>>> print(open('upload_19.cif').read())   # mmCIF, C-alpha atoms
data_data
#
loop_
_atom_site.group_PDB
_atom_site.id
_atom_site.type_symbol
_atom_site.label_atom_id
_atom_site.label_comp_id
_atom_site.auth_asym_id
_atom_site.auth_seq_id
_atom_site.Cartn_x
_atom_site.Cartn_y
_atom_site.Cartn_z
ATOM 1 C CA MET A 1 51.499 -13.856 36.807
ATOM 2 C CA GLY A 2 54.691 -14.979 38.457
ATOM 3 C CA LYS A 3 53.137 -14.818 41.931
ATOM 4 C CA MET A 4 53.670 -18.472 42.738
ATOM 5 C CA GLN A 5 57.273 -19.573 43.257
ATOM 6 C CA ASN A 6 56.713 -23.323 43.339
ATOM 7 C CA THR A 7 58.892 -26.082 41.892
ATOM 8 C CA LYS A 8 55.712 -27.865 40.836
ATOM 9 C CA TYR A 9 55.153 -25.011 38.415
ATOM 10 C CA PRO A 10 58.449 -24.161 36.690
ATOM 11 C CA PHE A 11 58.491 -20.706 35.150
ATOM 12 C CA VAL A 12 57.208 -20.582 31.549
ATOM 13 C CA SER A 13 57.811 -17.812 29.030
ATOM 14 C CA ILE A 14 54.847 -17.500 26.664
ATOM 15 C CA ILE A 15 56.093 -15.821 23.491
ATOM 16 C CA THR A 16 54.020 -14.469 20.617
ATOM 17 C CA VAL A 17 54.675 -12.176 17.654
ATOM 18 C CA ASN A 18 52.301 -9.463 16.471
ATOM 19 C CA TYR A 19 52.278 -7.978 12.978
ATOM 20 C CA ASN A 20 49.431 -5.595 12.156
ATOM 21 C CA GLN A 21 47.024 -7.735 14.166
ATOM 22 C CA SER A 22 46.555 -6.140 17.592
ATOM 23 C CA ASN A 23 42.856 -7.063 17.606
ATOM 24 C CA VAL A 24 43.726 -10.719 16.996
ATOM 25 C CA THR A 25 46.493 -10.555 19.607
ATOM 26 C CA THR A 26 43.985 -9.077 22.062
ATOM 27 C CA ASP A 27 41.776 -12.160 21.699
ATOM 28 C CA PHE A 28 44.799 -14.355 22.325
ATOM 29 C CA LEU A 29 45.836 -12.401 25.430
ATOM 30 C CA ASN A 30 42.298 -12.503 26.815
ATOM 31 C CA SER A 31 42.405 -16.300 26.600
ATOM 32 C CA ILE A 32 45.833 -16.389 28.278
ATOM 33 C CA ARG A 33 44.435 -14.359 31.172
ATOM 34 C CA LYS A 34 42.117 -17.242 31.973
ATOM 35 C CA ILE A 35 44.718 -20.026 32.157
ATOM 36 C CA THR A 36 45.110 -21.993 35.384
ATOM 37 C CA TYR A 37 48.912 -22.340 35.264
ATOM 38 C CA PRO A 38 50.208 -19.931 37.934
ATOM 39 C CA HIS A 39 53.833 -19.186 37.059
ATOM 40 C CA PHE A 40 54.544 -17.549 33.710
ATOM 41 C CA GLU A 41 55.407 -14.400 31.809
ATOM 42 C CA ILE A 42 54.017 -13.156 28.500
ATOM 43 C CA ILE A 43 56.317 -11.593 25.927
ATOM 44 C CA VAL A 44 54.748 -9.951 22.874
ATOM 45 C CA VAL A 45 57.063 -8.875 20.074
ATOM 46 C CA ASP A 46 55.673 -6.371 17.602
ATOM 47 C CA ASN A 47 57.474 -6.942 14.316
ATOM 48 C CA ALA A 48 57.527 -3.268 13.250
ATOM 49 C CA SER A 49 53.839 -3.228 12.296
ATOM 50 C CA PRO A 50 53.382 -0.457 9.680
ATOM 51 C CA SER A 51 49.676 0.136 10.298
ATOM 52 C CA ASP A 52 48.923 -0.914 13.844
ATOM 53 C CA THR A 53 49.061 0.538 17.349
ATOM 54 C CA PRO A 54 50.716 -2.224 19.420
ATOM 55 C CA GLN A 55 51.192 0.172 22.358
ATOM 56 C CA LYS A 56 47.502 -0.344 23.091
ATOM 57 C CA LEU A 57 48.312 -3.957 23.921
ATOM 58 C CA LYS A 58 50.487 -2.780 26.800
ATOM 59 C CA GLU A 59 47.791 -0.348 27.917
ATOM 60 C CA ASN A 60 45.133 -3.078 27.964
ATOM 61 C CA PHE A 61 47.431 -5.833 29.229
ATOM 62 C CA PRO A 62 49.952 -4.159 31.543
ATOM 63 C CA GLU A 63 51.234 -7.555 32.654
ATOM 64 C CA ILE A 64 52.885 -8.280 29.285
ATOM 65 C CA ASN A 65 56.444 -7.502 28.266
ATOM 66 C CA LEU A 66 55.941 -5.676 24.958
ATOM 67 C CA ILE A 67 59.033 -5.540 22.747
ATOM 68 C CA LEU A 68 58.878 -3.172 19.776
ATOM 69 C CA SER A 69 61.221 -4.347 17.035
ATOM 70 C CA LYS A 70 62.647 -1.596 14.853
ATOM 71 C CA LYS A 71 62.206 -3.744 11.747
ATOM 72 C CA ASN A 72 60.246 -6.781 10.647
ATOM 73 C CA LEU A 73 62.494 -9.690 11.614
ATOM 74 C CA GLY A 74 60.168 -12.441 10.394
ATOM 75 C CA PHE A 75 58.845 -15.338 12.451
ATOM 76 C CA ALA A 76 62.207 -16.639 13.623
ATOM 77 C CA GLY A 77 63.764 -13.227 14.224
ATOM 78 C CA GLY A 78 60.778 -11.932 16.171
ATOM 79 C CA ASN A 79 60.717 -15.007 18.383
ATOM 80 C CA ASN A 80 64.493 -14.901 18.852
ATOM 81 C CA LEU A 81 64.196 -11.313 20.084
ATOM 82 C CA ALA A 82 61.819 -12.574 22.790
ATOM 83 C CA VAL A 83 64.113 -15.491 23.690
ATOM 84 C CA LYS A 84 66.845 -13.031 24.631
ATOM 85 C CA ALA A 85 64.463 -11.251 27.010
ATOM 86 C CA SER A 86 62.863 -14.394 28.439
ATOM 87 C CA LYS A 87 63.381 -15.918 31.880
ATOM 88 C CA GLY A 88 61.457 -19.209 31.679
ATOM 89 C CA LYS A 89 62.743 -22.720 32.192
ATOM 90 C CA TYR A 90 60.418 -23.550 29.314
ATOM 91 C CA LEU A 91 59.582 -21.333 26.354
ATOM 92 C CA LEU A 92 56.242 -21.634 24.587
ATOM 93 C CA PHE A 93 56.246 -20.146 21.096
ATOM 94 C CA ILE A 94 52.612 -19.630 20.134
ATOM 95 C CA ASN A 95 50.924 -17.769 17.291
ATOM 96 C CA ASN A 96 48.932 -14.670 18.115
ATOM 97 C CA ASP A 97 46.055 -16.008 15.970
ATOM 98 C CA THR A 98 45.315 -18.739 18.496
ATOM 99 C CA GLU A 99 43.130 -19.017 21.561
ATOM 100 C CA VAL A 100 43.756 -21.417 24.416
ATOM 101 C CA PRO A 101 41.622 -23.255 26.989
ATOM 102 C CA PRO A 102 42.415 -22.579 30.668
ATOM 103 C CA ASP A 103 44.277 -25.835 31.342
ATOM 104 C CA PHE A 104 46.357 -26.146 28.164
ATOM 105 C CA LEU A 105 49.774 -25.416 29.689
ATOM 106 C CA GLU A 106 50.010 -28.027 32.474
ATOM 107 C CA PRO A 107 50.223 -31.144 30.232
ATOM 108 C CA LEU A 108 53.036 -29.630 28.177
ATOM 109 C CA VAL A 109 55.128 -28.723 31.219
ATOM 110 C CA GLU A 110 54.494 -32.119 32.846
ATOM 111 C CA LEU A 111 55.718 -33.860 29.701
ATOM 112 C CA PHE A 112 59.124 -32.163 29.874
ATOM 113 C CA GLU A 113 59.398 -32.539 33.637
ATOM 114 C CA LYS A 114 59.002 -36.317 33.278
ATOM 115 C CA ASP A 115 61.486 -36.765 30.401
ATOM 116 C CA GLN A 116 64.534 -34.551 29.949
ATOM 117 C CA GLY A 117 65.255 -36.273 26.649
ATOM 118 C CA ILE A 118 62.402 -34.357 25.004
ATOM 119 C CA GLY A 119 63.589 -31.271 23.169
ATOM 120 C CA MET A 120 60.359 -29.965 21.647
ATOM 121 C CA ALA A 121 56.618 -30.591 21.879
ATOM 122 C CA SER A 122 53.367 -29.328 20.422
ATOM 123 C CA PRO A 123 49.781 -29.702 21.612
ATOM 124 C CA LYS A 124 46.872 -30.881 19.519
ATOM 125 C CA ILE A 125 45.855 -28.032 17.227
ATOM 126 C CA LYS A 126 42.243 -27.619 16.162
ATOM 127 C CA PHE A 127 40.625 -25.074 13.889
ATOM 128 C CA HIS A 128 39.107 -22.071 15.600
ATOM 129 C CA TRP A 129 36.299 -21.928 13.044
ATOM 130 C CA ASN A 130 35.419 -25.570 13.771
ATOM 131 C CA PRO A 131 36.902 -27.006 16.985
ATOM 132 C CA ASP A 132 35.734 -30.491 15.964
ATOM 133 C CA LEU A 133 38.340 -30.551 13.185
ATOM 134 C CA ILE A 134 42.034 -31.311 13.619
ATOM 135 C CA GLN A 135 44.759 -29.187 12.082
ATOM 136 C CA TYR A 136 47.715 -30.970 13.716
ATOM 137 C CA ALA A 137 48.139 -34.233 15.592
ATOM 138 C CA GLY A 138 51.810 -34.756 14.783
ATOM 139 C CA TYR A 139 53.774 -34.598 11.521
ATOM 140 C CA THR A 140 54.815 -37.220 9.006
ATOM 141 C CA LYS A 141 58.488 -37.404 8.092
ATOM 142 C CA MET A 142 59.697 -34.745 5.669
ATOM 143 C CA ASN A 143 59.927 -36.176 2.142
ATOM 144 C CA PRO A 144 63.539 -35.452 1.125
ATOM 145 C CA TYR A 145 62.629 -35.069 -2.549
ATOM 146 C CA THR A 146 59.476 -32.959 -2.482
ATOM 147 C CA VAL A 147 60.553 -31.260 0.792
ATOM 148 C CA ARG A 148 57.002 -31.576 2.100
ATOM 149 C CA ASN A 149 55.508 -33.231 5.126
ATOM 150 C CA TYR A 150 51.922 -33.685 6.180
ATOM 151 C CA SER A 151 50.016 -32.891 9.316
ATOM 152 C CA ILE A 152 48.493 -36.030 10.800
ATOM 153 C CA GLY A 153 44.726 -35.740 11.213
ATOM 154 C CA TYR A 154 44.448 -32.632 9.030
ATOM 155 C CA HIS A 155 40.775 -31.690 8.514
ATOM 156 C CA GLN A 156 39.653 -34.925 10.176
ATOM 157 C CA LYS A 157 37.111 -35.015 12.978
ATOM 158 C CA ASP A 158 38.717 -35.055 16.412
ATOM 159 C CA SER A 159 38.429 -38.557 17.864
ATOM 160 C CA ALA A 160 40.121 -41.065 20.165
ATOM 161 C CA GLU A 161 42.713 -42.003 17.532
ATOM 162 C CA PHE A 162 44.310 -38.562 17.981
ATOM 163 C CA ASN A 163 44.509 -38.804 21.770
ATOM 164 C CA THR A 164 47.725 -40.817 22.073
ATOM 165 C CA LEU A 165 50.866 -39.191 23.430
ATOM 166 C CA LYS A 166 53.589 -40.026 20.916
ATOM 167 C CA GLU A 167 56.911 -39.103 19.435
ATOM 168 C CA THR A 168 56.600 -37.231 16.159
ATOM 169 C CA ASN A 169 58.841 -35.831 13.427
ATOM 170 C CA ALA A 170 58.328 -32.123 14.014
ATOM 171 C CA ALA A 171 56.508 -29.627 16.184
ATOM 172 C CA HIS A 172 53.983 -27.186 14.742
ATOM 173 C CA GLY A 173 55.072 -23.560 14.535
ATOM 174 C CA ALA A 174 51.685 -22.346 15.774
ATOM 175 C CA ALA A 175 52.448 -23.745 19.248
ATOM 176 C CA MET A 176 55.697 -25.368 20.315
ATOM 177 C CA MET A 177 57.379 -25.623 23.689
ATOM 178 C CA VAL A 178 61.161 -25.895 24.000
ATOM 179 C CA PRO A 179 63.230 -26.058 27.207
ATOM 180 C CA ARG A 180 65.748 -23.260 27.692
ATOM 181 C CA SER A 181 68.487 -25.875 28.157
ATOM 182 C CA VAL A 182 67.816 -27.181 24.642
ATOM 183 C CA ILE A 183 68.041 -23.684 23.144
ATOM 184 C CA GLU A 184 71.307 -23.115 24.990
ATOM 185 C CA ASN A 185 72.621 -26.344 23.483
ATOM 186 C CA VAL A 186 71.227 -26.172 19.945
ATOM 187 C CA GLY A 187 70.778 -22.440 19.379
ATOM 188 C CA MET A 188 67.758 -20.384 18.413
ATOM 189 C CA MET A 189 65.731 -20.569 15.207
ATOM 190 C CA THR A 190 67.655 -19.826 12.028
ATOM 191 C CA GLU A 191 66.618 -16.424 10.736
ATOM 192 C CA VAL A 192 67.483 -16.925 7.063
ATOM 193 C CA TYR A 193 64.001 -18.405 6.458
ATOM 194 C CA PHE A 194 62.136 -15.255 7.595
ATOM 195 C CA LEU A 195 58.833 -17.148 7.341
ATOM 196 C CA TYR A 196 57.931 -20.849 6.886
ATOM 197 C CA TYR A 197 60.138 -23.927 7.369
ATOM 198 C CA GLU A 198 62.155 -22.397 10.224
ATOM 199 C CA GLU A 199 60.411 -24.614 12.803
ATOM 200 C CA HIS A 200 61.109 -27.707 10.672
ATOM 201 C CA ASP A 201 64.758 -26.722 10.370
ATOM 202 C CA TRP A 202 64.876 -26.192 14.144
ATOM 203 C CA ALA A 203 63.268 -29.601 14.703
ATOM 204 C CA GLU A 204 65.943 -31.259 12.548
ATOM 205 C CA ARG A 205 68.715 -29.556 14.505
ATOM 206 C CA ILE A 206 67.106 -30.544 17.804
ATOM 207 C CA LYS A 207 66.811 -34.177 16.680
ATOM 208 C CA ARG A 208 70.426 -34.216 15.452
ATOM 209 C CA ALA A 209 71.440 -33.062 18.944
ATOM 210 C CA GLY A 210 69.854 -36.262 20.313
ATOM 211 C CA TYR A 211 66.507 -34.983 21.587
ATOM 212 C CA LYS A 212 63.014 -36.334 20.906
ATOM 213 C CA ILE A 213 60.007 -34.380 19.649
ATOM 214 C CA PHE A 214 56.562 -35.148 21.048
ATOM 215 C CA TYR A 215 52.899 -34.571 20.276
ATOM 216 C CA GLN A 216 50.937 -33.941 23.503
ATOM 217 C CA PRO A 217 47.176 -34.468 22.901
ATOM 218 C CA GLU A 218 46.224 -33.738 26.510
ATOM 219 C CA SER A 219 46.753 -30.101 25.580
ATOM 220 C CA TYR A 220 45.060 -28.333 22.679
ATOM 221 C CA ILE A 221 44.746 -24.866 21.172
ATOM 222 C CA LEU A 222 42.418 -23.317 18.597
ATOM 223 C CA HIS A 223 44.103 -21.822 15.524
ATOM 224 C CA LYS A 224 42.645 -19.184 13.208
ATOM 225 C CA GLU A 225 45.406 -19.934 10.641
ATOM 226 C CA SER A 226 47.307 -17.587 8.311
ATOM 227 C CA VAL A 227 45.799 -14.362 9.648
ATOM 228 C CA SER A 228 48.934 -12.300 9.014
ATOM 229 C CA THR A 229 50.029 -13.775 5.681
ATOM 230 C CA GLY A 230 46.785 -14.911 4.039
ATOM 231 C CA LYS A 231 45.926 -18.494 3.194
ATOM 232 C CA ASN A 232 46.718 -18.199 -0.524
ATOM 233 C CA SER A 233 48.847 -15.117 -1.122
ATOM 234 C CA PRO A 234 51.828 -14.501 -3.456
ATOM 235 C CA PHE A 235 53.747 -13.566 -0.292
ATOM 236 C CA LYS A 236 53.168 -17.091 1.015
ATOM 237 C CA THR A 237 53.995 -18.655 -2.370
ATOM 238 C CA TYR A 238 57.323 -16.811 -2.443
ATOM 239 C CA TYR A 239 58.509 -17.903 0.992
ATOM 240 C CA LEU A 240 57.303 -21.499 0.711
ATOM 241 C CA THR A 241 59.062 -21.875 -2.653
ATOM 242 C CA ARG A 242 62.250 -20.170 -1.528
ATOM 243 C CA ASN A 243 62.442 -22.041 1.752
ATOM 244 C CA ARG A 244 61.849 -25.552 0.430
ATOM 245 C CA LEU A 245 65.152 -25.172 -1.367
ATOM 246 C CA VAL A 246 66.792 -23.522 1.647
ATOM 247 C CA PHE A 247 65.667 -26.431 3.845
ATOM 248 C CA ALA A 248 67.022 -28.998 1.364
ATOM 249 C CA ARG A 249 70.348 -27.192 1.085
ATOM 250 C CA ARG A 250 70.722 -26.974 4.866
ATOM 251 C CA ASN A 251 69.461 -30.387 5.956
ATOM 252 C CA TYR A 252 70.289 -32.944 3.267
ATOM 253 C CA ASN A 253 73.615 -34.372 2.165
ATOM 254 C CA GLY A 254 74.906 -36.522 -0.656
ATOM 255 C CA ILE A 255 72.492 -38.129 -3.082
ATOM 256 C CA ALA A 256 69.404 -37.017 -1.121
ATOM 257 C CA LYS A 257 70.453 -33.373 -1.491
ATOM 258 C CA ILE A 258 71.141 -33.763 -5.212
ATOM 259 C CA ILE A 259 67.806 -35.492 -5.878
ATOM 260 C CA SER A 260 65.892 -32.992 -3.725
ATOM 261 C CA ILE A 261 67.289 -29.958 -5.546
ATOM 262 C CA PHE A 262 66.859 -31.710 -8.919
ATOM 263 C CA PHE A 263 63.194 -32.390 -8.094
ATOM 264 C CA GLN A 264 62.556 -28.756 -7.137
ATOM 265 C CA LEU A 265 64.281 -27.310 -10.203
ATOM 266 C CA PHE A 266 63.395 -29.760 -12.954
ATOM 267 C CA ILE A 267 60.024 -31.169 -11.881
ATOM 268 C CA SER A 268 58.320 -28.708 -9.521
ATOM 269 C CA TRP A 269 59.548 -25.557 -11.284
ATOM 270 C CA PRO A 270 58.146 -26.329 -14.763
ATOM 271 C CA LYS A 271 55.030 -27.987 -13.324
ATOM 272 C CA ASN A 272 54.129 -24.987 -11.154
ATOM 273 C CA THR A 273 55.003 -22.524 -13.894
ATOM 274 C CA ILE A 274 52.471 -24.194 -16.191
ATOM 275 C CA LYS A 275 49.888 -24.402 -13.400
ATOM 276 C CA PHE A 276 50.082 -20.689 -12.589
ATOM 277 C CA LEU A 277 49.999 -19.773 -16.295
ATOM 278 C CA LEU A 278 46.921 -21.888 -16.972
ATOM 279 C CA LYS A 279 45.131 -20.380 -13.965
ATOM 280 C CA GLY A 280 46.186 -16.861 -14.914
ATOM 281 C CA GLN A 281 47.790 -16.412 -11.487
ATOM 282 C CA PHE A 282 50.610 -14.219 -12.717
ATOM 283 C CA ASP A 283 51.278 -12.694 -9.305
ATOM 284 C CA HIS A 284 51.839 -16.197 -7.899
ATOM 285 C CA LEU A 285 53.977 -17.093 -10.918
ATOM 286 C CA LYS A 286 56.196 -14.083 -10.327
ATOM 287 C CA ALA A 287 56.453 -14.910 -6.603
ATOM 288 C CA TYR A 288 57.294 -18.541 -7.388
ATOM 289 C CA TRP A 289 60.097 -17.586 -9.765
ATOM 290 C CA ARG A 290 61.458 -15.055 -7.285
ATOM 291 C CA GLY A 291 61.564 -17.795 -4.650
ATOM 292 C CA ILE A 292 63.575 -20.085 -6.922
ATOM 293 C CA MET A 293 65.930 -17.367 -8.108
ATOM 294 C CA TRP A 294 66.679 -16.223 -4.547
ATOM 295 C CA ASN A 295 68.515 -19.506 -4.036
ATOM 296 C CA PHE A 296 70.705 -18.924 -7.075
ATOM 297 C CA SER A 297 71.834 -15.561 -5.719
ATOM 298 C CA HIS A 298 72.312 -16.677 -2.081
ATOM 299 C CA PHE A 299 74.827 -19.443 -1.590
ATOM 300 C CA LYS A 300 76.483 -18.588 1.711
ATOM 301 C CA SER A 301 73.759 -16.893 3.787
ATOM 302 C CA ILE A 302 71.861 -20.128 4.509
ATOM 303 C CA LYS A 303 74.315 -21.165 7.237
ATOM 304 C CA ASN A 304 73.118 -18.515 9.717
ATOM 305 C CA ASN A 305 72.603 -20.253 13.078
ATOM 306 C CA PRO A 306 72.134 -17.647 15.827
ATOM 307 C CA LYS A 307 73.048 -18.846 19.288
ATOM 308 C CA LEU A 308 71.335 -17.972 22.543
ATOM 309 C CA LEU A 309 72.323 -14.659 24.141
ATOM 310 C CA THR A 310 75.237 -13.835 21.813
#
>>> encode(input="upload_19.cif", output="structure tokens")
Amino acid sequence: MGKMQNTKYPFVSIITVNYNQSNVTTDFLNSIRKITYPHFEIIVVDNASPSDTPQKLKENFPEINLILSKKNLGFAGGNNLAVKASKGKYLLFINNDTEVPPDFLEPLVELFEKDQGIGMASPKIKFHWNPDLIQYAGYTKMNPYTVRNYSIGYHQKDSAEFNTLKETNAAHGAAMMVPRSVIENVGMMTEVYFLYYEEHDWAERIKRAGYKIFYQPESYILHKESVSTGKNSPFKTYYLTRNRLVFARRNYNGIAKIISIFFQLFISWPKNTIKFLLKGQFDHLKAYWRGIMWNFSHFKSIKNNPKLLT
């Protein structure tokens, strides 16, 4: 790692966050050890895991830079901690519940080297449990009223139609590369989200700064998906609910903002309340209401935009 000082291979900082999942992170790091790209560093941030021994990661992978956070900073905060310690021209933010093929990094770097107007890119993402199925091949535009977007190709069989390099609306938080120059211009991820929607918010800020976002199908990763949070947990319900409103408040103006918030409060709120009641999912109901109410009690804190190295 870092042995080859060659302009053909600009230095890349590979950043991942661990939370109570050292065994999963170990699988990820084993796959990184096999990559063919010669010039990179690995930064692992442990987000104050309460029941894990992240120090073993450093023992088993002495080449990594292990940062032990004193508290759980969430997805954005954990990654931002690594940004401050990073040295790469390009930063790859990648989930610890992924595994990568040996040649996945080259196509991403080449994409940015050819076009400095690109501010963010993600590879094709396939499911680890079935590599024939797509999880992400680009994103649709965020619906300003429902505050939802959809992953192109989701659960579809991987085929030629998903092999076209193209501009897309947002990168996927499981694997996204951003040049350091873009972070210096736009700032780091906004930490108010804690979990979910922060990468979409970042994508909107990057696009408003004049950059493009690309989907690079020549690279792919395998994603185990929601290992830390659970696929259908009240924890996830809380943050998704809370952050849809945060995203709308931060990224929409005028009539779009009014309609978006109206939709969340007067259509989604009663609809989901009834749904959780009928299913007897009272823990999800409580989490959903907490997510809504958080926005009533936090009016000013949503403008937090941390800048690089400040």
>>> residues_around(input="upload_19.cif", residues="A:Arg205", least_positions_apart="2", cutoff="12 Å", atoms="all atoms listed in the file", output="VMD selection string")
chain A and resid 119 to 120 169 to 170 182 to 183 185 to 190 198 to 203 207 to 213 247 250 to 252 305
>>> resolve_selection(input="upload_19.cif", expression="the PyMOL selection byres ((chain A and resi 254-271) around 10)", output="mmCIF file with C-alpha atoms, in the coordinates of the input")
data_model
loop_
_atom_site.group_PDB
_atom_site.id
_atom_site.type_symbol
_atom_site.label_atom_id
_atom_site.label_comp_id
_atom_site.auth_asym_id
_atom_site.auth_seq_id
_atom_site.Cartn_x
_atom_site.Cartn_y
_atom_site.Cartn_z
ATOM 1 C CA ASN A 143 59.927 -36.176 2.142
ATOM 2 C CA PRO A 144 63.539 -35.452 1.125
ATOM 3 C CA TYR A 145 62.629 -35.069 -2.549
ATOM 4 C CA THR A 146 59.476 -32.959 -2.482
ATOM 5 C CA VAL A 147 60.553 -31.260 0.792
ATOM 6 C CA THR A 241 59.062 -21.875 -2.653
ATOM 7 C CA ARG A 244 61.849 -25.552 0.430
ATOM 8 C CA LEU A 245 65.152 -25.172 -1.367
ATOM 9 C CA VAL A 246 66.792 -23.522 1.647
ATOM 10 C CA PHE A 247 65.667 -26.431 3.845
ATOM 11 C CA ALA A 248 67.022 -28.998 1.364
ATOM 12 C CA ARG A 249 70.348 -27.192 1.085
ATOM 13 C CA ARG A 250 70.722 -26.974 4.866
ATOM 14 C CA ASN A 251 69.461 -30.387 5.956
ATOM 15 C CA TYR A 252 70.289 -32.944 3.267
ATOM 16 C CA ASN A 253 73.615 -34.372 2.165
ATOM 17 C CA ASN A 272 54.129 -24.987 -11.154
ATOM 18 C CA THR A 273 55.003 -22.524 -13.894
ATOM 19 C CA ILE A 274 52.471 -24.194 -16.191
ATOM 20 C CA LYS A 275 49.888 -24.402 -13.400
ATOM 21 C CA PHE A 276 50.082 -20.689 -12.589
ATOM 22 C CA TYR A 288 57.294 -18.541 -7.388
ATOM 23 C CA TRP A 289 60.097 -17.586 -9.765
ATOM 24 C CA ILE A 292 63.575 -20.085 -6.922
#
>>> residues_around(input="upload_19.cif", residues="A:Lys124", least_positions_apart="2", cutoff="12 Å", atoms="only C-alpha atoms", output="ChimeraX atom specification")
/A:100-101,104-105,107-108,121-122,126-127,131-139,151-154,158-159,162-166,171-172,174-176,214-223
>>> residues_around(input="upload_19.cif", residues="A:Asn60", least_positions_apart="2", cutoff="12 Å", atoms="all atoms listed in the file", output="list in words")
Ser22, Asn23, Thr25, Thr26, Asp27, Leu29, Asn30, Arg33, Thr53, Pro54, Gln55, Lys56, Leu57, Lys58, Pro62, Glu63, Ile64 and Leu66 of chain A
>>> closest_residue(input="upload_19.cif", among="A:Phe299, A:Tyr19, A:Tyr150, A:Tyr193", to="A:Ser51", atoms="only C-alpha atoms")
A:Tyr19
>>> residues_around(input="upload_19.cif", residues="A:Leu240", least_positions_apart="2", cutoff="8 Å", atoms="all atoms listed in the file", output="list in words")
Tyr196, Tyr197, Lys236, Thr237, Tyr238, Arg242, Asn243, Arg244 and Gly291 of chain A
>>> axis_aligned_box(input="upload_19.cif", around="stretch 63-68 of chain A", padding_each_side="5 Å", output="lines of an AutoDock Vina configuration file")
center_x = 55.1
center_y = -5.7
center_z = 26.2
size_x = 17.8
size_y = 15.1
size_z = 22.9
>>> closest_residue(input="upload_19.cif", among="A:Arg290, A:Lys34, A:Phe28, A:Ser69", to="A:Asp46", atoms="only C-alpha atoms")
A:Ser69
>>> atom_distance(input="upload_19.cif", atom1="atom CA of A:His128", atom2="atom CA of A:Glu161")
20.3 Å
>>> closest_residue(input="upload_19.cif", among="A:Lys141, A:Lys89, A:His155, A:Arg148", to="A:Ile14", atoms="only C-alpha atoms")
A:Lys89
>>> closest_residue(input="upload_19.cif", among="A:Ser181, A:Asn65, A:Ser297, A:Ser233", to="A:His284", atoms="all atoms listed in the file")
A:Ser233
>>> atom_distance(input="upload_19.cif", atom1="atom CA of A:Phe11", atom2="atom CA of A:Lys114")
15.7 Å
>>> decode(input="upload_19.cif", residues="stretch 288-299 of chain A", atoms="N, CA and C atoms", output="PDB file, in the first residue's frame")
ATOM      1  N   TYR A 288     -41.789   6.005  14.263  1.00  0.00           N
ATOM      2  CA  TYR A 288     -42.273   6.893  13.201  1.00  0.00           C
ATOM      3  C   TYR A 288     -42.694   8.248  13.785  1.00  0.00           C
ATOM      4  N   TRP A 289     -43.466   8.215  14.851  1.00  0.00           N
ATOM      5  CA  TRP A 289     -43.907   9.451  15.482  1.00  0.00           C
ATOM      6  C   TRP A 289     -42.729  10.247  16.032  1.00  0.00           C
ATOM      7  N   ARG A 290     -41.763   9.552  16.617  1.00  0.00           N
ATOM      8  CA  ARG A 290     -40.577  10.244  17.125  1.00  0.00           C
ATOM      9  C   ARG A 290     -39.843  10.951  15.992  1.00  0.00           C
ATOM     10  N   GLY A 291     -39.780  10.310  14.828  1.00  0.00           N
ATOM     11  CA  GLY A 291     -39.110  10.900  13.678  1.00  0.00           C
ATOM     12  C   GLY A 291     -39.791  12.172  13.203  1.00  0.00           C
ATOM     13  N   ILE A 292     -41.126  12.157  13.203  1.00  0.00           N
ATOM     14  CA  ILE A 292     -41.883  13.354  12.820  1.00  0.00           C
ATOM     15  C   ILE A 292     -41.682  14.457  13.851  1.00  0.00           C
ATOM     16  N   MET A 293     -41.844  14.093  15.117  1.00  0.00           N
ATOM     17  CA  MET A 293     -41.811  15.102  16.178  1.00  0.00           C
ATOM     18  C   MET A 293     -40.439  15.736  16.329  1.00  0.00           C
ATOM     19  N   TRP A 294     -39.369  14.999  15.975  1.00  0.00           N
ATOM     20  CA  TRP A 294     -38.028  15.578  16.043  1.00  0.00           C
ATOM     21  C   TRP A 294     -37.971  16.871  15.234  1.00  0.00           C
ATOM     22  N   ASN A 295     -38.633  16.878  14.092  1.00  0.00           N
ATOM     23  CA  ASN A 295     -38.588  18.051  13.218  1.00  0.00           C
ATOM     24  C   ASN A 295     -39.332  19.245  13.795  1.00  0.00           C
ATOM     25  N   PHE A 296     -40.323  18.981  14.642  1.00  0.00           N
ATOM     26  CA  PHE A 296     -41.022  20.090  15.289  1.00  0.00           C
ATOM     27  C   PHE A 296     -40.158  20.740  16.364  1.00  0.00           C
ATOM     28  N   SER A 297     -39.272  19.967  16.959  1.00  0.00           N
ATOM     29  CA  SER A 297     -38.456  20.491  18.060  1.00  0.00           C
ATOM     30  C   SER A 297     -37.059  20.932  17.607  1.00  0.00           C
ATOM     31  N   HIS A 298     -36.748  20.766  16.313  1.00  0.00           N
ATOM     32  CA  HIS A 298     -35.439  21.168  15.790  1.00  0.00           C
ATOM     33  C   HIS A 298     -35.628  22.018  14.531  1.00  0.00           C
ATOM     34  N   PHE A 299     -35.571  23.312  14.707  1.00  0.00           N
ATOM     35  CA  PHE A 299     -35.777  24.199  13.571  1.00  0.00           C
ATOM     36  C   PHE A 299     -34.486  24.793  13.033  1.00  0.00           C
TER      37      PHE A 299
END
